[in-house]
Amino acid sequence: MKVWRVDNYNDYFSNIVKVPEKEFKSKIADNEKKLFYSEYINKTKKNGLRKIYCVTENSDLYKIQKNIKNNFLDNIMLSDSSYGFRKGRSYYDFLASHKSFYSGKYFLRLDIRDFFGSIEYSLIEDVVSYYFVVGENLTSSQKKELLQNTLSSMTYENKVPQGAITSPTLSNIVFRQLDLRIEKFCQNVDAIYTRYADDLLFSSYNRNLHSAKFINFIRSILISKGFHINHSKTIRTKNLISLNGFVISENDIHLSRKKLASLSRILFCLETPKWINSKASFVNLNMKLKTEGDKHLFEGKYALLNFLAGFRAFIIPIVRSMDDSKLRKKQQKYIVRIEKTIEKIEKLPPKK
């Protein structure tokens, strides 16, 4: 049975976190969490550095978070417009709803500034509290205790850490109310809305989609829960739109030429015997890509595997929807090359 609400104190420990009560409380104590979140990655952004706190995968806290996600958070209903961090949904699906069967369609992309960092503890508490229900097997004091302990296990310094396994699903749960409000508004103005994490995508045959009035209304919905638009990343287009190298046009979604050129360049480097046999594979790869003007840099084996797997996952549904047999065969060749390259990289040691 899938648990989407907590109404039994004892079942919480046996069926959700799967850790004895005393052990659970000790592992989520602040002094313990500091040990688990001691590592972080600084990633350069245009406006400075961003800290991404990571939880060690073999730690007790990681196991607790994983159990909370699998046995509780994943069972909570999300909005239809949410596509990021969801099993069975992809970036392609996020874009597919906006395919234009006729010319003259308007597109609007809005980006949320500091998405995870904008989720306040009070907002998480307010939303998640709904799923803890007082009854015969859960008193008000027990509800308060379990709620606070659950939130403590998923937050760090009262924030949603981007590196925690629970954070993506938790962000979708927190954002559900906003998704529903935006969906309702878009239905009233004949617009389509989908969201992939912090990317909000709209399309309509009505030019009012590009108006300040439309954007300001979306802005007011977001501000009500502490989210803000990054106006420097706003995109307004007509007939087609390109996002992260993926293009939506009339009845079609495809990879941009620039994106395909980058993929081809990376695959070519990886397919050479010289690279696979090198003792400093990723150093050589990054130097090679940098000299050729490619912006992709890989920290190691798993970053590269994630990159290639992401490309493969996107190309597969594109191929399935293609009517052009020649173009379909060309894309299928990319899939085969990616799969062969992934197979080779998986055999490399982690630090290579």
# chains A, B, ... in the order shown; residues from 1 in each chain; ligands from 1
call {"tool": "residues_around", "arguments": {"residues": "A:Thr150", "least_positions_apart": "3", "cutoff": "10 Å", "atoms": "only C-alpha atoms", "output": "list in words"}}
result
Val17, Phe24, Lys25, Ile28, Ile64, Gln65, Ile68, Glu125, Val128, Lys144, Glu145, Leu146, Leu147, Ser153, Met154 and Thr155 of chain A
call {"tool": "write_last_selection", "arguments": {"atoms": "N, CA and C atoms", "output": "mmCIF file, in the first residue's frame"}}
result
data_model
loop_
_atom_site.group_PDB
_atom_site.id
_atom_site.type_symbol
_atom_site.label_atom_id
_atom_site.label_comp_id
_atom_site.auth_asym_id
_atom_site.auth_seq_id
_atom_site.Cartn_x
_atom_site.Cartn_y
_atom_site.Cartn_z
ATOM 1 N N VAL A 17 10.403 5.658 7.408
ATOM 2 C CA VAL A 17 11.853 5.848 7.565
ATOM 3 C C VAL A 17 12.585 4.527 7.776
ATOM 4 N N PHE A 24 16.597 7.170 14.691
ATOM 5 C CA PHE A 24 16.177 8.197 13.733
ATOM 6 C C PHE A 24 16.455 9.594 14.281
ATOM 7 N N LYS A 25 16.054 9.839 15.505
ATOM 8 C CA LYS A 25 16.218 11.164 16.111
ATOM 9 C C LYS A 25 17.693 11.538 16.272
ATOM 10 N N ILE A 28 19.338 12.593 12.775
ATOM 11 C CA ILE A 28 18.937 13.855 12.139
ATOM 12 C C ILE A 28 19.246 15.060 13.016
ATOM 13 N N ILE A 64 18.040 7.474 5.280
ATOM 14 C CA ILE A 64 16.771 7.966 5.832
ATOM 15 C C ILE A 64 16.037 8.811 4.794
ATOM 16 N N GLN A 65 16.776 9.713 4.134
ATOM 17 C CA GLN A 65 16.169 10.556 3.102
ATOM 18 C C GLN A 65 15.609 9.708 1.961
ATOM 19 N N ILE A 68 12.348 8.141 3.083
ATOM 20 C CA ILE A 68 11.273 9.138 3.124
ATOM 21 C C ILE A 68 10.790 9.452 1.712
ATOM 22 N N GLU A 125 6.993 23.704 5.855
ATOM 23 C CA GLU A 125 6.227 23.264 7.027
ATOM 24 C C GLU A 125 4.731 23.353 6.774
ATOM 25 N N VAL A 128 3.821 20.502 3.930
ATOM 26 C CA VAL A 128 3.997 19.114 4.354
ATOM 27 C C VAL A 128 3.082 18.779 5.535
ATOM 28 N N LYS A 144 3.182 17.051 15.542
ATOM 29 C CA LYS A 144 4.151 18.135 15.573
ATOM 30 C C LYS A 144 5.575 17.589 15.618
ATOM 31 N N GLU A 145 5.769 16.551 16.426
ATOM 32 C CA GLU A 145 7.098 15.944 16.568
ATOM 33 C C GLU A 145 7.556 15.295 15.272
ATOM 34 N N LEU A 146 6.694 14.479 14.657
ATOM 35 C CA LEU A 146 7.062 13.798 13.411
ATOM 36 C C LEU A 146 7.286 14.791 12.280
ATOM 37 N N LEU A 147 6.441 15.810 12.225
ATOM 38 C CA LEU A 147 6.578 16.822 11.175
ATOM 39 C C LEU A 147 7.919 17.529 11.287
ATOM 40 N N SER A 153 15.146 16.284 8.731
ATOM 41 C CA SER A 153 15.918 15.298 7.966
ATOM 42 C C SER A 153 16.096 15.716 6.505
ATOM 43 N N MET A 154 15.225 16.595 6.013
ATOM 44 C CA MET A 154 15.267 16.987 4.598
ATOM 45 C C MET A 154 15.850 18.373 4.364
ATOM 46 N N THR A 155 16.143 19.114 5.433
ATOM 47 C CA THR A 155 16.657 20.479 5.288
ATOM 48 C C THR A 155 18.025 20.617 5.942
#
call {"tool": "residues_around", "arguments": {"residues": "A:Phe185", "least_positions_apart": "6", "cutoff": "10 Å", "atoms": "only C-alpha atoms", "output": "ChimeraX atom specification"}}
result
/A:179,191-193,214,217-218
call {"tool": "residues_around", "arguments": {"residues": "A:Pro168", "least_positions_apart": "3", "cutoff": "12 Å", "atoms": "only C-alpha atoms", "output": "list in words"}}
result
Gln65, Lys69, Leu73, Asp74, Ser82, Tyr83, Gly84, Phe85, Arg86, Lys87, Phe115, Phe116, Ile119, Met154, Val160, Pro161, Gln162, Gly163, Ala164, Ile165, Ser171, Asn172, Ile173, Val174, Phe175, Tyr196, Ala197 and Asp198 of chain A
call {"tool": "select_by_dssp", "arguments": {"residues": "stretch 171-202 of chain A", "states": "strand (DSSP E)", "output": "PyMOL selection string"}}
result
chain A and resi 192-196+199-202
call {"tool": "residues_around", "arguments": {"residues": "stretch 307-320 of chain A", "least_positions_apart": "6", "cutoff": "8 Å", "atoms": "only C-alpha atoms", "output": "MDAnalysis selection string"}}
result
chainID A and resid 90:92 253:254 328 331:332 335 338:339 342
call {"tool": "write_last_selection", "arguments": {"atoms": "N, CA, C and O atoms", "output": "PDB file, in the first residue's frame"}}
result
ATOM      1  N   SER A  90       9.961  13.281 -18.913  1.00  0.00           N
ATOM      2  CA  SER A  90      11.275  13.731 -19.351  1.00  0.00           C
ATOM      3  C   SER A  90      11.228  15.187 -19.811  1.00  0.00           C
ATOM      4  O   SER A  90      10.156  15.808 -19.875  1.00  0.00           O
ATOM      5  N   TYR A  91      12.399  15.708 -20.152  1.00  0.00           N
ATOM      6  CA  TYR A  91      12.481  17.078 -20.683  1.00  0.00           C
ATOM      7  C   TYR A  91      11.741  17.169 -22.012  1.00  0.00           C
ATOM      8  O   TYR A  91      11.139  18.188 -22.331  1.00  0.00           O
ATOM      9  N   TYR A  92      11.774  16.081 -22.764  1.00  0.00           N
ATOM     10  CA  TYR A  92      11.026  16.047 -24.020  1.00  0.00           C
ATOM     11  C   TYR A  92       9.525  16.210 -23.755  1.00  0.00           C
ATOM     12  O   TYR A  92       8.837  16.954 -24.446  1.00  0.00           O
ATOM     13  N   ILE A 253       9.810  18.661 -32.610  1.00  0.00           N
ATOM     14  CA  ILE A 253      10.806  18.961 -31.584  1.00  0.00           C
ATOM     15  C   ILE A 253      12.096  18.290 -32.021  1.00  0.00           C
ATOM     16  O   ILE A 253      12.107  17.109 -32.350  1.00  0.00           O
ATOM     17  N   HIS A 254      13.187  19.038 -32.042  1.00  0.00           N
ATOM     18  CA  HIS A 254      14.451  18.457 -32.468  1.00  0.00           C
ATOM     19  C   HIS A 254      15.619  19.149 -31.768  1.00  0.00           C
ATOM     20  O   HIS A 254      15.457  20.203 -31.146  1.00  0.00           O
ATOM     21  N   ARG A 328      15.145  10.051 -39.203  1.00  0.00           N
ATOM     22  CA  ARG A 328      15.006   9.112 -38.103  1.00  0.00           C
ATOM     23  C   ARG A 328      16.223   8.187 -38.013  1.00  0.00           C
ATOM     24  O   ARG A 328      16.746   7.921 -36.938  1.00  0.00           O
ATOM     25  N   GLN A 331      19.215  10.035 -36.535  1.00  0.00           N
ATOM     26  CA  GLN A 331      19.130  10.178 -35.084  1.00  0.00           C
ATOM     27  C   GLN A 331      19.382   8.838 -34.386  1.00  0.00           C
ATOM     28  O   GLN A 331      19.977   8.794 -33.305  1.00  0.00           O
ATOM     29  N   GLN A 332      18.931   7.746 -34.995  1.00  0.00           N
ATOM     30  CA  GLN A 332      19.146   6.418 -34.416  1.00  0.00           C
ATOM     31  C   GLN A 332      20.634   6.080 -34.335  1.00  0.00           C
ATOM     32  O   GLN A 332      21.078   5.387 -33.410  1.00  0.00           O
ATOM     33  N   ILE A 335      22.018   7.399 -31.201  1.00  0.00           N
ATOM     34  CA  ILE A 335      21.664   6.561 -30.048  1.00  0.00           C
ATOM     35  C   ILE A 335      22.629   5.388 -29.922  1.00  0.00           C
ATOM     36  O   ILE A 335      23.112   5.070 -28.836  1.00  0.00           O
ATOM     37  N   ILE A 338      26.041   6.607 -28.744  1.00  0.00           N
ATOM     38  CA  ILE A 338      25.988   6.962 -27.322  1.00  0.00           C
ATOM     39  C   ILE A 338      26.016   5.702 -26.461  1.00  0.00           C
ATOM     40  O   ILE A 338      26.752   5.619 -25.473  1.00  0.00           O
ATOM     41  N   GLU A 339      25.223   4.697 -26.821  1.00  0.00           N
ATOM     42  CA  GLU A 339      25.151   3.466 -26.034  1.00  0.00           C
ATOM     43  C   GLU A 339      26.496   2.733 -26.009  1.00  0.00           C
ATOM     44  O   GLU A 339      26.910   2.207 -24.972  1.00  0.00           O
ATOM     45  N   ILE A 342      28.835   4.770 -23.746  1.00  0.00           N
ATOM     46  CA  ILE A 342      28.486   4.579 -22.333  1.00  0.00           C
ATOM     47  C   ILE A 342      29.033   3.242 -21.826  1.00  0.00           C
ATOM     48  O   ILE A 342      29.560   3.145 -20.715  1.00  0.00           O
TER      49      ILE A 342
END
call {"tool": "residues_around", "arguments": {"residues": "A:Thr234", "least_positions_apart": "5", "cutoff": "7 Å", "atoms": "only C-alpha atoms", "output": "number ranges by chain"}}
result
A: 109-111
call {"tool": "write_last_selection", "arguments": {"atoms": "all heavy atoms", "output": "CSV table (one decimal), in the first residue's frame"}}
result
chain,number,residue,atom,x,y,z
A,109,ARG,N,9.1,31.9,-22.1
A,109,ARG,CA,9.9,31.1,-21.1
A,109,ARG,C,10.2,32.0,-20.0
A,109,ARG,O,10.8,33.1,-20.2
A,109,ARG,CB,11.1,30.5,-21.7
A,109,ARG,CG,12.0,29.7,-20.7
A,109,ARG,CD,12.9,30.5,-19.8
A,109,ARG,NE,13.9,29.7,-19.2
A,109,ARG,CZ,15.2,29.7,-19.5
A,109,ARG,NH1,15.6,30.5,-20.5
A,109,ARG,NH2,16.1,29.0,-18.8
A,110,LEU,N,9.9,31.6,-18.7
A,110,LEU,CA,10.2,32.4,-17.5
A,110,LEU,C,11.1,31.5,-16.6
A,110,LEU,O,10.9,30.3,-16.6
A,110,LEU,CB,9.0,32.8,-16.7
A,110,LEU,CG,8.0,33.7,-17.5
A,110,LEU,CD1,6.8,34.0,-16.6
A,110,LEU,CD2,8.7,35.0,-17.9
A,111,ASP,N,12.1,32.1,-16.0
A,111,ASP,CA,13.0,31.3,-15.1
A,111,ASP,C,12.9,31.8,-13.7
A,111,ASP,O,12.8,33.0,-13.5
A,111,ASP,CB,14.4,31.5,-15.6
A,111,ASP,CG,15.4,30.8,-14.7
A,111,ASP,OD1,15.7,29.6,-14.9
A,111,ASP,OD2,16.0,31.5,-13.8
call {"tool": "closest_atom_pairs", "arguments": {"of": "stretch 175-290 of chain A", "to": "stretch 95-107 of chain A", "cutoff": "10 Å", "atoms": "only C-alpha atoms", "output": "tab-separated table"}}
result
residue	atom	partner	partner_atom	distance
A:Ala191	CA	A:Tyr106	CA	9.5
A:Ile192	CA	A:His98	CA	6.9
A:Tyr193	CA	A:His98	CA	8.3
A:Thr194	CA	A:Ser97	CA	7.7
A:Arg195	CA	A:Leu95	CA	9.2
A:Tyr196	CA	A:Leu95	CA	9.2
A:Leu201	CA	A:Phe107	CA	7.5
A:Phe202	CA	A:Phe107	CA	5.8
A:Ser203	CA	A:Phe107	CA	4.4
A:Ser204	CA	A:Tyr106	CA	5.3
A:Tyr205	CA	A:Lys105	CA	4.6
A:Asn206	CA	A:Tyr106	CA	6.9
A:Arg207	CA	A:Tyr106	CA	6.3
A:Asn208	CA	A:Tyr106	CA	8.8
A:Leu209	CA	A:Tyr106	CA	6.9
A:His210	CA	A:Tyr106	CA	7.6
A:Ile235	CA	A:Phe107	CA	7.8
A:Arg236	CA	A:Phe107	CA	5.9
A:Thr237	CA	A:Phe107	CA	5.2
A:Lys238	CA	A:Tyr106	CA	4.4
A:Asn239	CA	A:Lys105	CA	5.1
A:Leu240	CA	A:Phe107	CA	7.3
A:Ile241	CA	A:Phe107	CA	6.6
A:Ser242	CA	A:Phe107	CA	9.9
A:Leu243	CA	A:Leu95	CA	9.1
A:Phe246	CA	A:Leu95	CA	8.7
A:Val247	CA	A:Leu95	CA	8.8
A:Ile248	CA	A:Lys99	CA	6.2
A:Ser249	CA	A:Ser100	CA	6.3
A:Glu250	CA	A:Ser100	CA	4.5
A:Asn251	CA	A:Phe101	CA	4.8
A:Asp252	CA	A:Lys99	CA	6.2
A:Ile253	CA	A:Lys99	CA	7.2
